[in-house]
Number of protein chains: 2
Amino acid sequence: MSSTVTAKADGRLERGHVKRQAILRQAVDLASLEGLEGVSIGRLANRLGISKSGVVLHFGSKEELQLATVAAAAQRFVTRVCDPAMRQPVGLARLWWLCWGWIDYVDHRLFPGGCFFSTVGAEFHSRPGRVRDAIAAAHLRWMELLHRQVEAAQGAAELSSDIEPAQLAYELDALVRQANLGRQLHHDQHACARSRRAVRDRLTSVALVDLPAEPSL
Amino acid sequence: MSSTVTAKADGRLERGHVKRQAILRQAVDLASLEGLEGVSIGRLANRLGISKSGVVLHFGSKEELQLATVAAAAQRFVTRVCDPAMRQPVGLARLWWLCWGWIDYVDHRLFPGGCFFSTVGAEFHSRPGRVRDAIAAAHLRWMELLHRQVEAAQGAAELSSDIEPAQLAYELDALVRQANLGRQLHHDQHACARSRRAVRDRLTSVALVDLPAEPSL
């Protein structure tokens with residue numbers, strides 16, 4: 001009897017989890033196109049054919065929904081860009097894969113509106129609060145990841161030690177994210193190739209060893 | 001008599017122009033912080049202490065107001081960034097001043113929300129229409145300006161002819177606009193210095209002559 005009750009409760013939890021994930025997928029896709037303010041509980045309910053109260057049940061408030069949307073987008077980014085890079089050796093190879101992965105993520109439209117974080121970062125930069133902080137924190141985690149790989153590559157004598165790690169990480173991030181501007185604002189099919197070339201040239205200019213082969217992602 | 005009528009009409013036109021400019025200043029500042037969708041006719045009327053119909057009279061529709069806002073922002077940018085550079089010799093000096101001017105424009109908050117075009121570009125990239133086209137066209141004019149200076153600098157044997165002008169313009173634009181991300185999303189006081197250093201290093205890597213002195217803007 002008690003195992004039946006537990007099984008039923010497990011089933012409810014599982015269905016709740018699946019529904020929550022479905023709502024968040026829609027929310028992330030919509031926000032990448034139009035920003036987080038365009039993601040209303042009513043609109044999501046309408047798109048998914050569920051009641052507004054069904055959405056509220058999962059997230060409580062618009063702010064909680066926005067925070068969960070940022071977290072879900074970050075998870076999608078990590079799975080697509082960071083995880084494959086983390087299987088590469090620490091240092092130059094991983095740095096290289098991270099940059100390529102970022103460009104590839106724009107090239108293959110992991111989010112329908114291009115880089116989710118570029119869209120919502122521009123939307124929230126002047127709106128203090130938890131949502132803005134979550135967006136900024138996601139970008140900082142990415143920057144720290146680049147920074148650590150530069151340091152590791154220097155430690156392994158793969159990159160010149162004359163380079164300040166934070167400066168190189170800053171430049172690489174600038175060069176990869178320009179691909180998003182070109183793709184989204186100008187529908188420029190060459191933007192991703194330009195960013196790849198820029199990253200390759202910048203790394204080559206400070207590398208003490210040959211760059212690894214170009215990733216096939 | 002007819003000259004009095006003309007003088008009265010001139011006075012009305014002049015007052016109309018002044019009021020239109022006042023509305024647009026508010027609209028540009030607001031949009032740089034919150035995006036163009038946040039700039040409603042009602043909100044502007046409220047801020048300026050005039051009637052909604054007074055705003056409508058000048059712009060007709062929300063779309064016309066948004067288009068006029070983009071044009072006014074572009075004019076403010078040209079006056080602050082492009083005009084001083086255009087007084088420099090064509091080629092490397094002008095290219096250098098354009099990049100510095102862009103970073104300086106973020107550093108000194110020409111718009112209260114940082115780069116107007118970064119905010120509204122991210123807002124409108126997935127919204128086809130005249131407003132999106134106007135934002136994209138403003139960015140293209142800037143890119144063409146950089147591109148022409150690279151070509152001129154190559155023609156004057158100031159920059160290596162191995163460089164593809166469009167590629168270098170792409171990279172320089174990436175490196176300057178990263179300053180806006182750092183300033184706006186992370187309140188990073190070092191972002192502008194990092195962008196200046198990145199631009200200087202990139203230009204030095206392909207310059208055949210010494211870079212001009214650092215502009216004092």
# chains A, B, ... in the order shown; residues from 1 in each chain; ligands from 1
>>> interface_residues(of="chain A", to="chain B", cutoff="7 Å", atoms="only C-alpha atoms", output="ChimeraX atom specification")
/A:33-35,113,118-119,121-123,125-126,136,167,171,174-175,178,184-186,194,198
>>> residues_around(residues="Ala93 in chain B", least_positions_apart="6", cutoff="10 Å", atoms="only C-alpha atoms", output="list in words")
Ala85, Met86, Arg87, Gln149, Ala153, Glu158, Leu211, Pro212, Ala213, Glu214 and Pro215 of chain B
>>> write_last_selection(atoms="N, CA and C atoms", output="tab-separated table (two decimals), in the first residue's frame")
chain	number	residue	atom	x	y	z
B	85	ALA	N	36.96	62.54	-35.23
B	85	ALA	CA	37.86	61.68	-36.01
B	85	ALA	C	38.00	62.18	-37.44
B	86	MET	N	36.91	62.73	-37.99
B	86	MET	CA	36.95	63.18	-39.39
B	86	MET	C	37.86	64.40	-39.55
B	87	ARG	N	38.23	65.03	-38.46
B	87	ARG	CA	39.18	66.15	-38.54
B	87	ARG	C	40.63	65.65	-38.53
B	149	GLN	N	38.74	53.43	-43.64
B	149	GLN	CA	39.99	53.94	-43.04
B	149	GLN	C	41.08	52.89	-43.11
B	153	ALA	N	44.52	53.54	-44.99
B	153	ALA	CA	45.79	53.35	-44.28
B	153	ALA	C	46.69	52.39	-45.06
B	158	GLU	N	50.54	52.68	-44.30
B	158	GLU	CA	50.54	52.78	-42.82
B	158	GLU	C	50.17	51.44	-42.18
B	211	LEU	N	51.97	54.26	-34.23
B	211	LEU	CA	50.60	54.77	-34.06
B	211	LEU	C	50.67	56.24	-33.66
B	212	PRO	N	49.67	57.02	-34.07
B	212	PRO	CA	49.62	58.42	-33.63
B	212	PRO	C	49.49	58.47	-32.10
B	213	ALA	N	49.70	59.64	-31.53
B	213	ALA	CA	49.56	59.82	-30.08
B	213	ALA	C	48.12	59.47	-29.67
B	214	GLU	N	47.96	59.12	-28.39
B	214	GLU	CA	46.62	58.76	-27.93
B	214	GLU	C	45.75	60.01	-27.92
B	215	PRO	N	44.57	59.90	-28.50
B	215	PRO	CA	43.70	61.08	-28.60
B	215	PRO	C	43.33	61.60	-27.21
>>> select_by_dssp(residues="range 155-194 of chain A", states="alpha helix (DSSP H)", output="list in words")
Gly155, Pro165, Ala166, Gln167, Leu168, Ala169, Tyr170, Glu171, Leu172, Asp173, Ala174, Leu175, Val176, Arg177, Gln178, Ala179, Asn180, Leu181, Gly182, Arg183, Gln184, Leu185, His186, Ala191, Cys192, Ala193 and Arg194 of chain A
>>> residues_around(residues="Gln21 in chain B", least_positions_apart="5", cutoff="12 Å", atoms="only C-alpha atoms", output="list in words")
Glu14, Arg15, Gly16, Gln26, Ala27, Val28, Leu48, Val55, His58, Phe59, Leu65, Ala68, Thr69, Ala71, Ala72, Ala73, Gln75 and Arg76 of chain B
>>> write_last_selection(atoms="all heavy atoms", output="tab-separated table (two decimals), in the first residue's frame")
chain	number	residue	atom	x	y	z
B	14	GLU	N	9.96	77.19	-35.12
B	14	GLU	CA	11.13	77.12	-34.24
B	14	GLU	C	10.76	76.46	-32.91
B	14	GLU	O	11.47	75.57	-32.42
B	14	GLU	CB	11.68	78.55	-34.02
B	14	GLU	CG	12.82	78.67	-33.03
B	14	GLU	CD	14.06	77.87	-33.42
B	14	GLU	OE1	14.22	77.58	-34.61
B	14	GLU	OE2	14.85	77.53	-32.51
B	15	ARG	N	9.63	76.89	-32.34
B	15	ARG	CA	9.18	76.28	-31.07
B	15	ARG	C	8.87	74.79	-31.27
B	15	ARG	O	9.17	73.97	-30.41
B	15	ARG	CB	7.96	77.02	-30.53
B	15	ARG	CG	8.29	78.38	-29.89
B	15	ARG	CD	7.13	78.93	-29.07
B	15	ARG	NE	5.93	79.13	-29.89
B	15	ARG	CZ	5.71	80.21	-30.66
B	15	ARG	NH1	6.60	81.17	-30.72
B	15	ARG	NH2	4.59	80.33	-31.34
B	16	GLY	N	8.28	74.48	-32.40
B	16	GLY	CA	7.98	73.07	-32.71
B	16	GLY	C	9.25	72.25	-32.79
B	16	GLY	O	9.33	71.15	-32.24
B	26	GLN	N	14.88	62.93	-24.51
B	26	GLN	CA	14.31	62.02	-23.49
B	26	GLN	C	14.17	60.61	-24.04
B	26	GLN	O	14.46	59.63	-23.36
B	26	GLN	CB	12.92	62.52	-23.07
B	26	GLN	CG	12.93	63.69	-22.12
B	26	GLN	CD	13.24	63.27	-20.70
B	26	GLN	OE1	13.11	62.11	-20.33
B	26	GLN	NE2	13.70	64.22	-19.90
B	27	ALA	N	13.68	60.52	-25.26
B	27	ALA	CA	13.43	59.20	-25.86
B	27	ALA	C	14.74	58.42	-26.02
B	27	ALA	O	14.80	57.22	-25.72
B	27	ALA	CB	12.73	59.36	-27.21
B	28	VAL	N	15.78	59.10	-26.49
B	28	VAL	CA	17.08	58.44	-26.68
B	28	VAL	C	17.63	57.96	-25.34
B	28	VAL	O	18.09	56.82	-25.20
B	28	VAL	CB	18.07	59.39	-27.39
B	28	VAL	CG1	19.49	58.84	-27.33
B	28	VAL	CG2	17.65	59.65	-28.83
B	48	LEU	N	7.87	64.99	-19.75
B	48	LEU	CA	8.10	66.35	-20.24
B	48	LEU	C	6.99	67.31	-19.81
B	48	LEU	O	7.05	68.50	-20.13
B	48	LEU	CB	8.22	66.34	-21.77
B	48	LEU	CG	9.52	65.69	-22.28
B	48	LEU	CD1	9.34	65.19	-23.71
B	48	LEU	CD2	10.68	66.69	-22.20
B	55	VAL	N	2.74	65.01	-28.06
B	55	VAL	CA	3.79	64.11	-28.57
B	55	VAL	C	3.34	63.52	-29.92
B	55	VAL	O	4.11	63.49	-30.88
B	55	VAL	CB	4.11	62.98	-27.56
B	55	VAL	CG1	5.18	62.06	-28.13
B	55	VAL	CG2	4.56	63.57	-26.23
B	58	HIS	N	3.89	65.51	-33.00
B	58	HIS	CA	5.23	65.58	-33.57
B	58	HIS	C	5.64	64.31	-34.30
B	58	HIS	O	6.50	64.34	-35.17
B	58	HIS	CB	6.26	65.86	-32.46
B	58	HIS	CG	6.22	67.27	-31.98
B	58	HIS	ND1	6.76	68.31	-32.69
B	58	HIS	CD2	5.65	67.82	-30.89
B	58	HIS	CE1	6.56	69.44	-32.03
B	58	HIS	NE2	5.89	69.18	-30.94
B	59	PHE	N	5.06	63.17	-33.89
B	59	PHE	CA	5.57	61.90	-34.45
B	59	PHE	C	4.52	61.01	-35.07
B	59	PHE	O	4.86	60.09	-35.80
B	59	PHE	CB	6.34	61.13	-33.35
B	59	PHE	CG	7.49	61.91	-32.82
B	59	PHE	CD1	7.40	62.59	-31.63
B	59	PHE	CD2	8.66	62.00	-33.55
B	59	PHE	CE1	8.46	63.34	-31.15
B	59	PHE	CE2	9.72	62.74	-33.08
B	59	PHE	CZ	9.63	63.41	-31.87
B	65	LEU	N	7.98	57.55	-33.95
B	65	LEU	CA	8.76	58.02	-32.79
B	65	LEU	C	10.02	57.17	-32.62
B	65	LEU	O	11.12	57.70	-32.39
B	65	LEU	CB	7.89	57.95	-31.53
B	65	LEU	CG	8.59	58.21	-30.19
B	65	LEU	CD1	9.18	59.62	-30.14
B	65	LEU	CD2	7.62	58.00	-29.02
B	68	ALA	N	12.51	58.10	-35.34
B	68	ALA	CA	13.12	59.41	-35.06
B	68	ALA	C	14.11	59.30	-33.91
B	68	ALA	O	15.14	59.99	-33.88
B	68	ALA	CB	12.03	60.43	-34.74
B	69	THR	N	13.83	58.40	-32.96
B	69	THR	CA	14.72	58.19	-31.82
B	69	THR	C	16.04	57.57	-32.28
B	69	THR	O	17.13	57.98	-31.85
B	69	THR	CB	14.04	57.30	-30.76
B	69	THR	OG1	12.81	57.92	-30.37
B	69	THR	CG2	14.91	57.12	-29.54
B	71	ALA	N	17.32	57.84	-35.27
B	71	ALA	CA	18.03	58.87	-36.04
B	71	ALA	C	18.69	59.89	-35.10
B	71	ALA	O	19.83	60.31	-35.35
B	71	ALA	CB	17.05	59.57	-36.99
B	72	ALA	N	18.01	60.25	-34.03
B	72	ALA	CA	18.58	61.23	-33.09
B	72	ALA	C	19.78	60.64	-32.36
B	72	ALA	O	20.78	61.33	-32.11
B	72	ALA	CB	17.51	61.68	-32.09
B	73	ALA	N	19.70	59.36	-32.01
B	73	ALA	CA	20.83	58.70	-31.34
B	73	ALA	C	22.02	58.63	-32.29
B	73	ALA	O	23.17	58.86	-31.88
B	73	ALA	CB	20.43	57.29	-30.88
B	75	GLN	N	22.69	60.65	-34.67
B	75	GLN	CA	23.25	62.00	-34.80
B	75	GLN	C	24.13	62.34	-33.60
B	75	GLN	O	25.21	62.92	-33.74
B	75	GLN	CB	22.11	63.02	-34.94
B	75	GLN	CG	22.59	64.43	-35.24
B	75	GLN	CD	23.54	64.48	-36.45
B	75	GLN	OE1	23.19	64.01	-37.53
B	75	GLN	NE2	24.75	64.99	-36.27
B	76	ARG	N	23.67	61.95	-32.40
B	76	ARG	CA	24.46	62.22	-31.18
B	76	ARG	C	25.79	61.47	-31.26
B	76	ARG	O	26.85	62.00	-30.90
B	76	ARG	CB	23.67	61.80	-29.93
B	76	ARG	CG	24.15	62.48	-28.67
B	76	ARG	CD	23.54	61.91	-27.39
B	76	ARG	NE	22.13	62.20	-27.19
B	76	ARG	CZ	21.44	61.86	-26.09
B	76	ARG	NH1	22.07	61.22	-25.09
B	76	ARG	NH2	20.16	62.12	-25.98
>>> atom_distance(atom1="CA of Pro165 in chain A", atom2="CA of Glu151 in chain A")
6.1 Å
